[in-house]
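What follows is one structure encoded as structure tokens, with my remarks underneath.
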Amino acid sequence: MSHTAVGWHVELEFKEEDDQHTEAVALVRLPDGTEVRSHGHASRHNVDANQPRVGEEIAGARALNELAMQLLTKAHDEIDAESGRTSHPIHV
């Protein structure tokens with residue numbers, strides 16, 4: 001049996017909306033030609049120190065979590081389409 005190595009590159013971009021809000025966008029292009037995009041957001045409480053890196057980590061993690069859920073849903077839908085039945089949900 002031959003196996004082909006496939007790699008995915010996930011892009012993450014960050015936008016500092018102001019000194020209290022960070023937005024992240026995650027994007028992955030799949031071998032089947034589809035693109036899956038997600039968003040994450042972080043808000044700094046006004047009594048916390050201004051640490052932009054922490055805002056990026058939180059917003060990025062939330063975007064990646066949403067990306068993972070979208071990929072699970074896509075895979076689940078493809079399983080259902082191939083099998084012709086409704087299968088059990090895929091859980092993380």
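We label chains A, B, ... in the order they appear in the structure tokens, count residues from 1 in each chain, and number ligands from 1 in the order shown.
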Inset, instruction - List every residue of chain A that DSSP, applied to the backbone, labels as alpha helix (DSSP H), and write the result as a ChimeraX atom specification. - result: /A:52-83
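Those residues that approach segment 30-38 of chain A to within 6 Å, counting only C-alpha atoms, are A:Ala63, A:Glu66, A:Leu67; same-chain residues fewer than 6 positions away are not listed.
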Legend entry - segment 46-49 of chain A surroundings by only C-alpha atoms, 8 Å radius, close-in-sequence under 2 positions cut, as a list of chain:residue names: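 So, after excluding close chain neighbours, the residues are A:Gln20, A:Arg44, A:Gln51.
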For the residues selected in the previous step, produce a file with all heavy atoms as a tab-separated table (two decimals), in the first residue's frame.
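And here's out_23.tsv as it stands now:
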```
chain	number	residue	atom	x	y	z
A	20	GLN	N	-7.34	47.15	23.48
A	20	GLN	CA	-8.07	46.18	24.30
A	20	GLN	C	-8.67	45.02	23.50
A	20	GLN	O	-9.18	44.09	24.09
A	20	GLN	CB	-9.20	46.87	25.08
A	20	GLN	CG	-8.68	47.75	26.22
A	20	GLN	CD	-9.81	48.29	27.05
A	20	GLN	OE1	-10.64	49.04	26.56
A	20	GLN	NE2	-9.85	47.88	28.30
A	44	ARG	N	-9.14	42.48	26.29
A	44	ARG	CA	-8.36	42.69	27.51
A	44	ARG	C	-9.21	43.49	28.50
A	44	ARG	O	-9.80	44.50	28.15
A	44	ARG	CB	-7.09	43.46	27.20
A	44	ARG	CG	-6.22	43.76	28.42
A	44	ARG	CD	-4.93	44.48	28.04
A	44	ARG	NE	-5.17	45.81	27.50
A	44	ARG	CZ	-5.33	46.91	28.24
A	44	ARG	NH1	-5.30	46.86	29.55
A	44	ARG	NH2	-5.53	48.07	27.64
A	51	GLN	N	-0.73	43.44	27.03
A	51	GLN	CA	0.18	42.42	26.53
A	51	GLN	C	-0.34	41.93	25.18
A	51	GLN	O	-1.07	40.94	25.10
A	51	GLN	CB	0.28	41.25	27.50
A	51	GLN	CG	0.85	41.61	28.85
A	51	GLN	CD	0.84	40.43	29.78
A	51	GLN	OE1	-0.21	40.02	30.25
A	51	GLN	NE2	2.02	39.86	30.03
```
Legend entry - Spatial neighbours of segment 14-18 of chain A, 12 Å, only C-alpha atoms, chain gap at least 3 places, as a list of chain:residue names: A:Glu11, A:His21, A:Thr22, A:Glu23, A:Ala24, A:Val25, A:Ala26, A:Leu27, A:His39, A:Gly40, A:His41, A:Ala42, A:Ser43, A:Arg44, A:Asn50, A:Gln51, A:Pro52, A:Arg53, A:Val54, A:Gly55, A:Glu56, A:Glu57, A:Ile58, A:Ala59, A:Gly60, A:Ala61, A:Ala63
Inset, instruction - Could you check which of A:Arg62, A:His9, A:His3, A:Arg85 is closest to Arg29 of chain A, using only C-alpha atoms? - result: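 Nearest to Arg29 of chain A: A:His9.
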Inset, instruction - Calculate how many Å separate atom CA of Val28 of chain A from atom CA of Leu72 of chain A, rounding to one decimal. - result: 13.4 Å
